[in-house]
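Data from target15.cif: mmCIF, C-alpha atoms
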```
data_data
#
loop_
_atom_site.label_atom_id
_atom_site.label_comp_id
_atom_site.auth_asym_id
_atom_site.auth_seq_id
_atom_site.Cartn_x
_atom_site.Cartn_y
_atom_site.Cartn_z
CA MET A 1 15.43 10.34 -5.14
CA LEU A 2 15.07 9.80 -8.84
CA LEU A 3 17.84 9.87 -11.43
CA VAL A 4 16.75 10.37 -15.01
CA ARG A 5 19.18 9.76 -17.89
CA LEU A 6 18.13 11.75 -20.90
CA ARG A 7 19.39 11.03 -24.39
CA ASN A 8 17.85 13.75 -26.45
CA GLU A 9 14.54 13.02 -24.74
CA GLU A 10 12.01 14.92 -22.73
CA VAL A 11 10.70 14.40 -19.22
CA PHE A 12 8.02 16.27 -17.28
CA ALA A 13 8.39 16.72 -13.53
CA LYS A 14 6.86 18.53 -10.58
CA ARG A 15 8.04 22.11 -10.54
CA GLY A 16 10.83 22.64 -8.03
CA ALA A 17 11.65 18.94 -7.71
CA MET A 18 14.89 19.12 -9.70
CA ILE A 19 17.80 19.14 -7.28
CA ALA A 20 20.80 18.65 -9.58
CA TYR A 21 21.73 17.87 -13.15
CA THR A 22 24.68 17.28 -15.43
CA GLY A 23 25.03 17.61 -19.19
CA PHE A 24 23.03 19.78 -21.54
CA VAL A 25 19.49 19.96 -20.32
CA GLU A 26 17.01 22.75 -21.00
CA PHE A 27 14.32 23.40 -18.42
CA ALA A 28 11.12 25.15 -19.28
CA PRO A 29 7.92 25.67 -17.33
CA SER A 30 5.03 23.73 -18.69
CA SER A 31 1.53 24.24 -17.53
CA SER A 32 0.06 21.52 -19.65
CA GLY A 33 2.59 18.69 -19.74
CA SER A 34 1.92 16.66 -22.82
CA GLU A 35 -1.76 17.34 -23.10
CA GLY A 36 -1.97 20.49 -25.19
CA MET A 37 -4.15 23.56 -24.88
CA ARG A 38 -7.39 21.74 -24.29
CA GLY A 39 -5.88 19.78 -21.44
CA ALA A 40 -4.48 22.91 -19.86
CA ALA A 41 -7.84 24.59 -19.96
CA MET A 42 -9.42 21.51 -18.47
CA ARG A 43 -6.91 21.56 -15.62
CA SER A 44 -7.41 25.17 -14.73
CA VAL A 45 -11.16 24.59 -14.65
CA THR A 46 -11.08 21.39 -12.64
CA GLY A 47 -8.46 22.38 -10.11
CA GLU A 48 -6.56 19.13 -10.65
CA ARG A 49 -3.48 21.22 -11.22
CA MET A 50 -0.01 19.93 -11.91
CA THR A 51 2.65 22.57 -12.12
CA LEU A 52 5.29 20.98 -14.27
CA MET A 53 8.72 21.68 -15.63
CA SER A 54 9.88 19.99 -18.77
CA ALA A 55 13.49 18.92 -19.11
CA ARG A 56 14.81 18.29 -22.57
CA GLY A 57 18.28 17.38 -23.80
CA THR A 58 21.08 14.99 -22.99
CA GLY A 59 22.35 14.47 -19.47
CA GLU A 60 21.39 13.28 -16.02
CA VAL A 61 18.77 14.97 -13.85
CA LEU A 62 18.14 14.30 -10.17
CA TYR A 63 14.63 14.79 -8.80
CA ALA A 64 13.48 14.66 -5.18
CA PHE A 65 10.48 15.89 -3.23
CA TYR A 66 10.54 16.45 0.56
CA GLY A 67 12.51 13.26 1.14
CA MET A 68 9.56 11.16 0.05
CA HIS A 69 10.02 7.72 -1.44
CA VAL A 70 9.99 7.32 -5.20
CA THR A 71 8.32 4.38 -6.91
CA MET A 72 8.80 3.68 -10.61
CA ILE A 73 5.91 2.39 -12.66
CA SER A 74 6.19 1.20 -16.28
CA LEU A 75 3.18 1.63 -18.45
CA ARG A 76 2.65 -0.64 -21.44
CA GLY A 77 -0.12 1.18 -23.20
CA GLU A 78 -2.49 1.22 -20.23
CA THR A 79 -3.73 4.19 -18.21
CA PHE A 80 -2.53 5.12 -14.75
CA TYR A 81 -4.81 7.15 -12.50
CA ALA A 82 -3.04 9.21 -9.86
CA GLU A 83 -3.57 12.03 -7.43
CA SER A 84 -1.79 14.96 -9.07
CA GLU A 85 0.23 15.63 -5.92
CA SER A 86 1.68 12.11 -6.09
CA VAL A 87 3.16 12.48 -9.58
CA LEU A 88 6.87 13.32 -9.43
CA ALA A 89 7.92 12.88 -13.03
CA TYR A 90 6.93 11.13 -16.21
CA ASP A 91 8.26 10.27 -19.57
CA GLY A 92 7.57 12.73 -22.39
CA ARG A 93 6.03 9.84 -24.32
CA LEU A 94 3.13 9.52 -21.89
CA ARG A 95 -0.03 11.48 -22.52
CA SER A 96 -1.50 13.14 -19.48
CA GLY A 97 -5.05 14.21 -18.91
CA THR A 98 -7.75 14.68 -16.35
CA GLU A 99 -10.71 12.48 -15.72
CA PHE A 100 -13.98 13.12 -14.01
CA LEU A 101 -14.55 10.76 -11.12
CA GLY A 102 -18.15 11.67 -10.61
CA GLN A 103 -19.30 9.27 -13.31
CA GLY A 104 -20.43 6.88 -10.67
CA GLY A 105 -23.19 9.32 -9.82
CA ALA A 106 -23.58 10.51 -6.27
CA GLY A 107 -21.02 7.98 -5.02
CA GLY A 108 -18.29 9.56 -7.06
CA LEU A 109 -19.21 13.02 -5.89
CA ILE A 110 -19.20 12.02 -2.25
CA ARG A 111 -15.89 10.25 -2.76
CA GLY A 112 -14.20 13.42 -3.96
CA ALA A 113 -15.67 15.49 -1.18
CA ALA A 114 -14.88 12.99 1.54
CA THR A 115 -11.32 12.32 0.52
CA GLY A 116 -10.47 15.92 -0.16
CA SER A 117 -8.86 14.85 -3.40
CA GLY A 118 -11.39 16.56 -5.58
CA LEU A 119 -13.64 15.19 -8.24
CA PHE A 120 -10.98 14.92 -10.88
CA THR A 121 -7.96 12.74 -11.12
CA THR A 122 -4.86 12.86 -13.28
CA THR A 123 -4.42 10.21 -15.93
CA LEU A 124 -1.25 9.14 -17.69
CA GLU A 125 -1.48 6.95 -20.72
CA GLY A 126 0.83 5.27 -23.23
CA MET A 127 4.17 3.51 -23.25
CA GLY A 128 6.74 4.83 -20.84
CA GLU A 129 7.93 5.34 -17.30
CA LEU A 130 6.31 7.21 -14.46
CA ALA A 131 7.66 8.12 -11.02
CA ILE A 132 5.31 8.64 -8.08
CA VAL A 133 6.15 9.91 -4.61
CA SER A 134 4.76 8.53 -1.37
CA GLU A 135 5.48 8.42 2.33
CA GLY A 136 7.36 5.20 2.96
CA GLY A 137 7.03 3.81 -0.56
CA ALA A 138 4.01 2.85 -2.60
CA ILE A 139 2.65 -0.64 -2.02
CA ALA A 140 1.15 -2.31 -5.09
CA LEU A 141 -1.89 -4.46 -4.41
CA ASP A 142 -3.67 -6.68 -6.94
CA VAL A 143 -7.36 -6.44 -7.50
CA THR A 144 -9.23 -9.27 -9.16
CA PRO A 145 -12.96 -9.70 -9.69
CA GLN A 146 -13.00 -12.30 -6.89
CA ARG A 147 -10.83 -10.23 -4.56
CA PRO A 148 -11.79 -6.60 -4.18
CA ILE A 149 -9.70 -4.40 -1.93
CA PHE A 150 -10.68 -1.72 0.53
CA ALA A 151 -8.39 1.23 1.15
CA ASP A 152 -8.28 4.36 3.23
CA PRO A 153 -8.97 7.24 0.79
CA GLN A 154 -6.17 9.25 2.38
CA ALA A 155 -3.62 6.47 1.87
CA TYR A 156 -4.63 5.94 -1.77
CA VAL A 157 -1.96 6.99 -4.26
CA GLY A 158 -3.16 5.73 -7.63
CA HIS A 159 -4.32 2.74 -9.63
CA ARG A 160 -4.19 1.14 -13.04
CA GLY A 161 -6.24 -1.35 -14.96
CA GLN A 162 -9.96 -1.86 -15.31
CA ILE A 163 -10.87 -0.79 -11.83
CA HIS A 164 -14.03 0.71 -10.53
CA SER A 165 -13.89 2.52 -7.24
CA THR A 166 -16.81 3.16 -4.95
CA LEU A 167 -16.90 4.89 -1.63
CA VAL A 168 -18.18 2.70 1.16
CA THR A 169 -19.48 4.61 4.10
CA ASP A 170 -20.05 3.39 7.58
CA VAL A 171 -21.60 6.62 8.70
CA GLY A 172 -24.41 6.21 11.14
CA TRP A 173 -25.66 7.94 14.23
CA LYS A 174 -22.53 6.72 16.02
CA THR A 175 -20.36 8.94 13.87
CA PHE A 176 -22.21 11.99 15.04
CA VAL A 177 -21.96 11.23 18.71
CA GLY A 178 -18.22 10.78 18.45
CA GLN A 179 -18.19 7.01 18.49
CA SER A 180 -17.03 6.46 14.96
CA SER A 181 -14.66 3.65 14.18
CA GLY A 182 -12.30 6.08 12.50
CA GLU A 183 -12.62 4.10 9.29
CA SER A 184 -15.95 5.49 8.23
CA TYR A 185 -14.92 6.17 4.66
CA GLN A 186 -13.35 3.41 2.66
CA LEU A 187 -12.68 3.13 -1.03
CA LYS A 188 -13.70 -0.20 -2.50
CA PHE A 189 -11.85 -1.16 -5.65
CA THR A 190 -13.38 -3.83 -7.86
CA GLY A 191 -12.34 -5.17 -11.25
CA GLN A 192 -8.95 -6.18 -12.56
CA GLY A 193 -5.81 -4.18 -11.95
CA THR A 194 -3.43 -2.80 -9.36
CA VAL A 195 -4.00 -0.28 -6.59
CA TYR A 196 -1.13 1.71 -5.06
CA ILE A 197 -1.27 2.84 -1.44
CA GLN A 198 1.16 4.53 0.91
CA ALA A 199 1.81 3.90 4.59
CA ALA A 200 0.60 7.33 5.65
CA GLU A 201 -2.55 9.34 5.48
CA ARG A 202 -2.62 12.64 3.67
CA GLY A 203 -3.75 15.53 5.78
CA GLY A 204 -2.75 13.73 8.96
CA ASN A 205 -0.82 15.16 11.88
CA ARG A 206 2.05 16.29 9.70
CA MET B 1 6.47 -6.22 -6.87
CA THR B 2 2.74 -6.42 -6.72
CA PHE B 3 1.06 -8.04 -3.76
CA ASN B 4 -2.23 -9.82 -3.61
CA ALA B 5 -4.14 -11.40 -0.76
CA ARG B 6 -2.07 -14.58 -1.01
CA THR B 7 1.40 -13.07 -1.47
CA LEU B 8 1.07 -10.41 1.21
CA PRO B 9 3.22 -11.31 4.23
CA SER B 10 1.36 -12.89 7.10
CA ASN B 11 1.78 -10.90 10.34
CA ASP B 12 4.92 -9.28 9.00
CA ASN B 13 6.16 -6.01 7.53
CA VAL B 14 5.24 -5.24 3.90
CA ASN B 15 7.95 -2.58 3.96
CA PRO B 16 9.53 -0.90 7.00
CA TYR B 17 6.60 1.52 7.17
CA SER B 18 3.63 -0.77 6.79
CA PHE B 19 2.56 -4.01 8.39
CA CYS B 20 0.17 -6.73 7.25
CA VAL B 21 -1.93 -8.46 9.89
CA ASP B 22 -3.72 -11.75 9.26
CA VAL B 23 -6.98 -11.06 11.01
CA ALA B 24 -8.60 -14.35 11.99
CA SER B 25 -10.85 -13.26 14.83
CA GLU B 26 -10.45 -10.04 16.76
CA MET B 27 -7.81 -7.43 17.31
CA PHE B 28 -7.49 -3.95 18.76
CA ILE B 29 -5.99 -1.28 16.49
CA GLN B 30 -5.52 2.43 16.84
CA LYS B 31 -8.22 4.42 15.11
CA GLY B 32 -7.48 5.58 11.58
CA LYS B 33 -4.35 3.50 10.96
CA MET B 34 -5.91 1.10 8.46
CA ILE B 35 -4.56 1.88 5.01
CA ALA B 36 -6.04 -1.07 3.07
CA TYR B 37 -7.45 -4.56 3.46
CA TYR B 38 -8.58 -7.66 1.60
CA GLY B 39 -11.43 -9.79 2.82
CA SER B 40 -14.35 -8.90 5.02
CA LEU B 41 -13.44 -6.88 8.06
CA ARG B 42 -15.50 -4.76 10.38
CA PHE B 43 -14.27 -1.81 12.41
CA GLU B 44 -16.22 -1.01 15.56
CA ALA B 45 -15.58 1.70 18.09
CA ILE B 46 -14.79 0.37 21.53
CA SER B 47 -17.55 2.39 23.05
CA ALA B 48 -20.03 1.10 20.48
CA GLY B 49 -21.07 -1.88 22.49
CA PRO B 50 -21.09 -5.23 20.70
CA TYR B 51 -17.81 -6.46 22.17
CA ASP B 52 -18.52 -6.02 25.85
CA ALA B 53 -16.97 -9.31 26.97
CA LEU B 54 -13.84 -8.73 24.92
CA ILE B 55 -13.39 -5.22 26.23
CA ARG B 56 -14.02 -6.23 29.82
CA GLN B 57 -11.26 -8.80 29.46
CA SER B 58 -8.58 -6.82 27.65
CA PHE B 59 -9.23 -3.10 27.40
CA ASN B 60 -9.06 -1.43 30.76
CA SER B 61 -8.43 2.16 29.78
CA PRO B 62 -11.36 4.59 29.58
CA LEU B 63 -9.07 7.50 28.76
CA TYR B 64 -8.03 5.93 25.48
CA ALA B 65 -11.30 4.22 24.57
CA ASN B 66 -11.82 6.71 21.75
CA ASP B 67 -8.39 6.04 20.25
CA PHE B 68 -8.86 2.34 19.59
CA VAL B 69 -11.22 0.24 17.52
CA VAL B 70 -11.94 -3.47 17.38
CA VAL B 71 -11.33 -5.25 14.06
CA THR B 72 -13.31 -8.42 13.48
CA GLY B 73 -13.70 -10.82 10.57
CA HIS B 74 -11.32 -12.58 8.23
CA GLY B 75 -8.83 -10.88 5.97
CA LYS B 76 -5.48 -9.25 5.45
CA LEU B 77 -5.22 -5.84 7.04
CA ILE B 78 -2.45 -3.36 6.19
CA LEU B 79 -1.59 -0.75 8.79
CA GLY B 80 0.45 2.43 8.35
CA ASP B 81 1.18 5.38 10.60
CA ARG B 82 2.36 8.66 9.02
CA GLY B 83 5.17 6.85 7.24
CA TYR B 84 6.75 5.88 10.57
CA ASN B 85 8.60 2.60 11.03
CA ILE B 86 6.40 -0.19 12.32
CA SER B 87 7.66 -3.11 14.36
CA SER B 88 5.95 -6.10 15.85
CA PHE B 89 6.82 -7.37 19.32
CA ASP B 90 6.04 -10.55 21.20
CA LEU B 91 5.28 -10.31 24.86
CA GLU B 92 5.54 -13.47 26.95
CA ASP B 93 3.94 -13.26 30.33
CA GLY B 94 5.42 -9.82 30.74
CA ASN B 95 4.55 -6.19 31.04
CA LEU B 96 5.42 -3.47 28.60
CA THR B 97 4.61 0.21 28.57
CA VAL B 98 4.41 2.17 25.30
CA ARG B 99 3.68 5.80 24.51
CA SER B 100 0.00 5.76 23.58
CA PRO B 101 0.13 7.37 20.09
CA ASN B 102 2.77 4.78 19.11
CA MET B 103 0.67 1.81 20.13
CA LEU B 104 -0.79 0.69 16.78
CA GLY B 105 -2.48 -2.52 17.73
CA PHE B 106 -2.48 -5.52 20.04
CA ASP B 107 -3.94 -9.00 20.44
CA PRO B 108 -6.92 -9.35 22.76
CA SER B 109 -4.90 -11.93 24.70
CA LEU B 110 -3.08 -8.94 26.19
CA ILE B 111 -4.56 -6.65 28.80
CA CYS B 112 -4.25 -2.94 28.12
CA GLN B 113 -4.17 -0.57 31.09
CA GLU B 114 -3.19 3.04 31.62
CA SER B 115 0.31 3.56 32.95
CA THR B 116 0.85 5.76 35.98
CA VAL B 117 3.07 7.85 33.71
CA PRO B 118 0.62 10.08 31.79
CA GLY B 119 0.40 9.42 28.05
CA TYR B 120 1.56 5.82 28.26
CA LEU B 121 -0.29 2.52 28.03
CA THR B 122 0.79 -0.71 29.69
CA LEU B 123 0.25 -4.16 28.17
CA LEU B 124 0.18 -7.21 30.41
CA GLY B 125 0.23 -10.90 29.52
CA THR B 126 1.19 -12.90 26.45
CA GLY B 127 0.62 -11.88 22.86
CA LYS B 128 1.68 -9.74 19.93
CA PHE B 129 1.51 -5.98 19.63
CA LEU B 130 2.52 -3.40 17.02
CA ALA B 131 4.28 -0.13 17.68
CA SER B 132 5.32 2.71 15.40
CA SER B 133 8.46 4.77 15.80
CA ASN B 134 10.05 7.68 14.02
CA GLY B 135 13.18 5.89 12.89
CA GLU B 136 14.25 2.46 14.05
CA VAL B 137 13.73 1.13 17.58
CA HIS B 138 16.75 0.61 19.80
CA PHE B 139 16.94 -1.31 23.04
CA LEU B 140 18.83 -0.09 26.10
CA GLU B 141 19.54 -1.66 29.45
CA PRO B 142 19.23 0.25 32.72
CA PRO B 143 20.63 2.17 34.44
CA VAL B 144 20.04 4.74 31.71
CA ARG B 145 18.64 8.27 31.37
CA VAL B 146 16.56 9.01 28.30
CA ASP B 147 15.16 12.11 26.60
CA GLU B 148 11.41 11.80 26.92
CA ASP B 149 10.84 12.79 23.28
CA ALA B 150 12.89 9.82 22.11
CA LEU B 151 11.34 7.36 24.56
CA LEU B 152 9.04 4.76 23.07
CA GLY B 153 8.49 2.62 26.12
CA TRP B 154 9.95 0.19 28.61
CA ALA B 155 9.48 -3.47 29.48
CA ASP B 156 9.60 -5.57 32.63
CA MET B 157 10.74 -2.79 34.91
CA PRO B 158 9.44 -0.21 37.35
CA SER B 159 8.20 3.20 36.19
CA PRO B 160 10.93 5.79 35.69
CA SER B 161 11.44 9.03 37.57
CA TYR B 162 12.47 12.46 36.29
CA ARG B 163 16.06 13.57 36.64
CA TYR B 164 16.87 17.29 36.26
CA ASN B 165 20.27 18.75 35.56
CA TYR B 166 21.66 20.64 38.51
CA SER B 167 22.12 23.95 36.69
CA TYR B 168 18.48 23.82 35.63
CA MET B 169 17.43 23.14 39.21
CA ARG B 170 19.51 26.07 40.46
CA GLY B 171 17.82 28.31 37.92
CA LYS B 172 14.48 27.19 39.26
CA PHE B 173 15.50 28.00 42.86
CA GLY B 174 16.85 31.42 42.03
CA MET B 175 15.35 34.77 41.10
CA VAL B 176 14.03 33.62 37.81
CA ARG B 177 11.87 31.02 39.43
CA GLY B 178 8.49 31.09 37.82
CA MET B 179 9.76 33.24 34.99
CA VAL B 180 11.37 30.48 33.00
CA SER B 181 8.92 28.71 30.80
CA ASN B 182 8.22 25.09 31.49
CA ARG B 183 9.68 24.08 28.17
CA THR B 184 12.55 21.72 28.70
CA THR B 185 14.85 19.92 26.36
CA GLY B 186 16.23 16.43 26.82
CA GLU B 187 19.43 17.97 28.08
CA GLU B 188 17.69 19.52 31.09
CA ARG B 189 15.29 16.77 32.03
CA GLN B 190 15.49 13.06 31.44
CA LEU B 191 13.63 9.98 32.49
CA ASP B 192 15.77 7.91 34.82
CA PHE B 193 15.42 4.13 34.54
CA THR B 194 16.75 1.81 37.21
CA GLY B 195 16.35 -1.88 37.94
CA GLN B 196 16.14 -4.79 35.53
CA GLY B 197 14.47 -4.66 32.14
CA THR B 198 14.64 -3.05 28.71
CA VAL B 199 14.13 0.53 27.55
CA LEU B 200 12.89 1.15 24.00
CA ILE B 201 13.86 4.36 22.23
CA GLN B 202 13.31 5.67 18.72
CA SER B 203 16.07 7.34 16.71
CA SER B 204 14.40 10.74 16.63
CA GLU B 205 13.02 13.32 19.00
CA ALA B 206 9.78 13.79 17.13
CA ALA B 207 7.32 13.80 19.99
CA LEU B 208 3.92 12.51 19.04
CA GLY B 209 1.91 14.83 21.21
CA GLY B 210 -0.99 16.75 19.80
CA ALA B 211 -4.50 15.51 20.33
CA ALA B 212 -3.54 12.65 22.63
CA ASP B 213 -1.70 14.96 25.00
CA LEU B 214 -4.54 17.42 25.08
CA GLU B 215 -7.06 14.72 25.97
CA GLU B 216 -4.72 13.59 28.68
CA VAL B 217 -4.43 17.07 30.19
CA ILE B 218 -8.17 17.64 30.11
CA ALA B 219 -8.87 14.26 31.67
CA ARG B 220 -6.33 14.81 34.44
CA SER B 221 -7.44 18.33 35.22
CA SER B 222 -10.85 17.09 36.35
CA SER B 223 -9.37 16.01 39.67
CA LEU B 224 -7.71 19.36 40.38
CA GLY B 225 -8.88 21.76 43.05
CA GLN B 226 -9.42 25.52 42.88
CA ASN B 227 -5.81 26.41 43.71
CA GLU B 228 -4.26 23.97 41.27
CA LEU B 229 -6.55 25.13 38.49
CA GLN B 230 -5.53 28.75 39.13
CA GLN B 231 -1.89 27.69 38.96
CA LEU B 232 -2.48 25.83 35.73
CA LEU B 233 -4.24 28.84 34.23
CA GLY B 234 -1.36 31.12 35.21
CA ASN B 235 1.12 28.71 33.73
CA ILE B 236 -0.76 28.47 30.45
CA GLN B 237 -1.09 32.26 30.21
CA GLN B 238 2.61 32.70 30.81
CA ARG B 239 3.48 30.19 28.12
CA LEU B 240 1.17 31.88 25.66
CA GLN B 241 2.85 35.22 26.37
CA ASN B 242 6.29 33.70 25.87
CA ARG B 243 5.42 32.49 22.41
#
```

Please, can you express the file's structure as structure tokens?
Amino acid sequence: MLLVRLRNEEVFAKRGAMIAYTGFVEFAPSSSGSEGMRGAAMRSVTGERMTLMSARGTGEVLYAFYGMHVTMISLRGETFYAESESVLAYDGRLRSGTEFLGQGGAGGLIRGAATGSGLFTTTLEGMGELAIVSEGGAIALDVTPQRPIFADPQAYVGHRGQIHSTLVTDVGWKTFVGQSSGESYQLKFTGQGTVYIQAAERGGNR
Amino acid sequence: MTFNARTLPSNDNVNPYSFCVDVASEMFIQKGKMIAYYGSLRFEAISAGPYDALIRQSFNSPLYANDFVVVTGHGKLILGDRGYNISSFDLEDGNLTVRSPNMLGFDPSLICQESTVPGYLTLLGTGKFLASSNGEVHFLEPPVRVDEDALLGWADMPSPSYRYNYSYMRGKFGMVRGMVSNRTTGEERQLDFTGQGTVLIQSSEAALGGAADLEEVIARSSSLGQNELQQLLGNIQQRLQNR
């Protein structure tokens, strides 16, 4: 659960995630967050949709989403890349946007298709706070040029920093005769930054 | 708190729902439970071949061969299972039986065999293993009767038997026999443990059936005769109608 104290400020959050509030807070639907008309158009085209509510005023607002864990992330001018479904709320000072992941050529395209997360990801940029939801809490893992990390695409929540992700496949004839290792698709993160993962796989048995 | 390969716990929980394993040589893990890793690790299906000696020694369970993979190499491996709690257990020259979907991984120093109770795997020997549970694990001493949906496993004791409530039994004997669906709750049917040992339960009744149960049923039905198959078919049809 997330408690936001507003002092004549604005916060954007997942629609329907507000569970209680005190004080004088105005809620309004917002299809674009803080990214303006161009961003909104981009979202409706790309399918990386975030249905948001803005809350503005002075008071305390409680947010929660299906009993999932909330992790706070402070941004100091850098960019955070997240799956749109993982974003619970963010500071009105952050700029949101969408980014095309397919820049890595075919690898990027396969990545989106394989992970089911689409070819676009949500970005949040600037100085401010961001809350993400995950099953069992998000685990932050460092990536350095010497130490890349591999992650299950379905456990990936988001990342920040100068990170390049590539999809590593282990798909061979074994996969097609039902002898796959179950870890055929892995995301490899290289560069400098932090990767956030959760202890559950999206689209699993739940 | 940000972890890196050095600060990640070694063979310990990262948080209650994820566990970091220091892979130094080989280990068995359940398929699809890797969430991230540092280092160079390889995941090979058990049926894939290159680890014949290892599998001959420690994996004696054809029914579940498709559910486990062998991890080899050096690195830090993080495991997670649907956001369930994960705990690590040490077995010392003992035997322990765990519900198969909850068995996340085990050392090759242990021997894994199928339990006579369908849907459960038994580990024999000395070594570490990982199990997931919906909620925390609690330990009980026999004699005790347990709801099967909350049962995680049992250690150092004989297999349990089913215990039905008398009113349920009477219902079965009476007119409605055959009409009542086979669905039971923990209040009607429990697993009865006797003898010396420990029973492990989770603090929830979220059964982890699904694919594993189906495989189990299909595998077991191969030994059935004409009559039993007819009975099974009738039973399934009745349950579908009752839905």

- prompt: What is the distance, in Å and to one decimal place, between CA of Thr72 (chain B) and CA of Asn13 (chain B)?
  reply: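 These atoms are spaced 20.5 Å apart.
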
message: I'd like the contact shell of Asn102 (chain B) - 7 Å cut-off, all atoms listed in the file, skipping same-chain residues fewer than 4 positions apart - returned as a PyMOL selection string.
response: chain B and resi 98+131-133

message: When the PyMOL selection byres ((chain B) within 7 of (chain A)) is applied to the structure above, which residues does it catch, written out as number ranges by chain?
response: B: 1-4, 17-18, 31-32, 34-38, 43-45, 47-48, 69, 80-83

message: Evaluated on this file, the PyMOL selection byres ((chain B and resi 62) around 10) picks out some residues - which ones are they, written as a PyMOL selection string?
response: chain B and resi 46-47+59-61+63-67+113-114

Go ahead and write the residues just picked, C-alpha atoms, as a PDB file, keeping the file's coordinate frame.
```pdb
ATOM      1  CA  ILE B  46     -14.790   0.370  21.530  1.00  0.00           C
ATOM      2  CA  SER B  47     -17.550   2.390  23.050  1.00  0.00           C
ATOM      3  CA  PHE B  59      -9.230  -3.100  27.400  1.00  0.00           C
ATOM      4  CA  ASN B  60      -9.060  -1.430  30.760  1.00  0.00           C
ATOM      5  CA  SER B  61      -8.430   2.160  29.780  1.00  0.00           C
ATOM      6  CA  LEU B  63      -9.070   7.500  28.760  1.00  0.00           C
ATOM      7  CA  TYR B  64      -8.030   5.930  25.480  1.00  0.00           C
ATOM      8  CA  ALA B  65     -11.300   4.220  24.570  1.00  0.00           C
ATOM      9  CA  ASN B  66     -11.820   6.710  21.750  1.00  0.00           C
ATOM     10  CA  ASP B  67      -8.390   6.040  20.250  1.00  0.00           C
ATOM     11  CA  GLN B 113      -4.170  -0.570  31.090  1.00  0.00           C
ATOM     12  CA  GLU B 114      -3.190   3.040  31.620  1.00  0.00           C
TER      13      GLU B 114
END
```

So what does the PyMOL selection byres ((chain B and resi 71) around 9) actually pick up in this one, as a CSV table (one decimal) with C-alpha atoms, in the frame of the given file?
```csv
chain,number,residue,atom,x,y,z
B,23,VAL,CA,-7.0,-11.1,11.0
B,25,SER,CA,-10.8,-13.3,14.8
B,26,GLU,CA,-10.4,-10.0,16.8
B,27,MET,CA,-7.8,-7.4,17.3
B,28,PHE,CA,-7.5,-4.0,18.8
B,29,ILE,CA,-6.0,-1.3,16.5
B,41,LEU,CA,-13.4,-6.9,8.1
B,42,ARG,CA,-15.5,-4.8,10.4
B,43,PHE,CA,-14.3,-1.8,12.4
B,44,GLU,CA,-16.2,-1.0,15.6
B,69,VAL,CA,-11.2,0.2,17.5
B,70,VAL,CA,-11.9,-3.5,17.4
B,72,THR,CA,-13.3,-8.4,13.5
B,73,GLY,CA,-13.7,-10.8,10.6
```

task: Kindly indicate which residue among B:Thr97, B:Asn134, B:Ser115, B:Ser109 lies nearest to Met157 (chain B), using all atoms listed in the file for the distances.
output: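 Going through B:Thr97, B:Asn134, B:Ser115, B:Ser109 one by one, the smallest distance to Met157 (chain B) is for B:Thr97.
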
- prompt: Skipping near chain neighbours, those fewer than 3 positions away, what residues fall within 7 Å of region 50-63 of chain A using all atoms listed in the file, listed as JSON, numbers by chain?
  reply: {"A": [1, 2, 3, 4, 5, 6, 7, 8, 9, 10, 11, 12, 13, 14, 15, 17, 18, 19, 20, 21, 22, 23, 24, 25, 26, 27, 28, 29, 30, 31, 33, 84]}

At most 10 Å from (14.6, 1.1, -11.7), file frame, only C-alpha atoms: which residues, as a JSON list (two decimals) with C-alpha atoms, in the coordinates of the input?
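Wrote point_25.json, looks like this:
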```json
[["chain", "number", "residue", "atom", "x", "y", "z"],
["A", 2, "LEU", "CA", 15.07, 9.80, -8.84],
["A", 3, "LEU", "CA", 17.84, 9.87, -11.43],
["A", 71, "THR", "CA", 8.32, 4.38, -6.91],
["A", 72, "MET", "CA", 8.80, 3.68, -10.61],
["A", 73, "ILE", "CA", 5.91, 2.39, -12.66],
["A", 74, "SER", "CA", 6.19, 1.20, -16.28],
["A", 129, "GLU", "CA", 7.93, 5.34, -17.30],
["A", 131, "ALA", "CA", 7.66, 8.12, -11.02]]
```

Polymer residues at most 7 Å from (5.3, 10.6, -11.5) by only C-alpha atoms, as a ChimeraX atom specification: /A:86-90,130-133

statement: One decimal place gives the CA of Gly153 (chain B)-CA of Asp107 (chain B) separation as 17.9 Å

Edge lengths and centre in Å, axis-aligned, region 154-170 of chain A plus 5 Å each side, as AutoDock Vina command-line options:
```
--center_x -11.0 --center_y 3.7 --center_z -3.9 --size_x 28.1 --size_y 21.1 --size_z 32.9
```
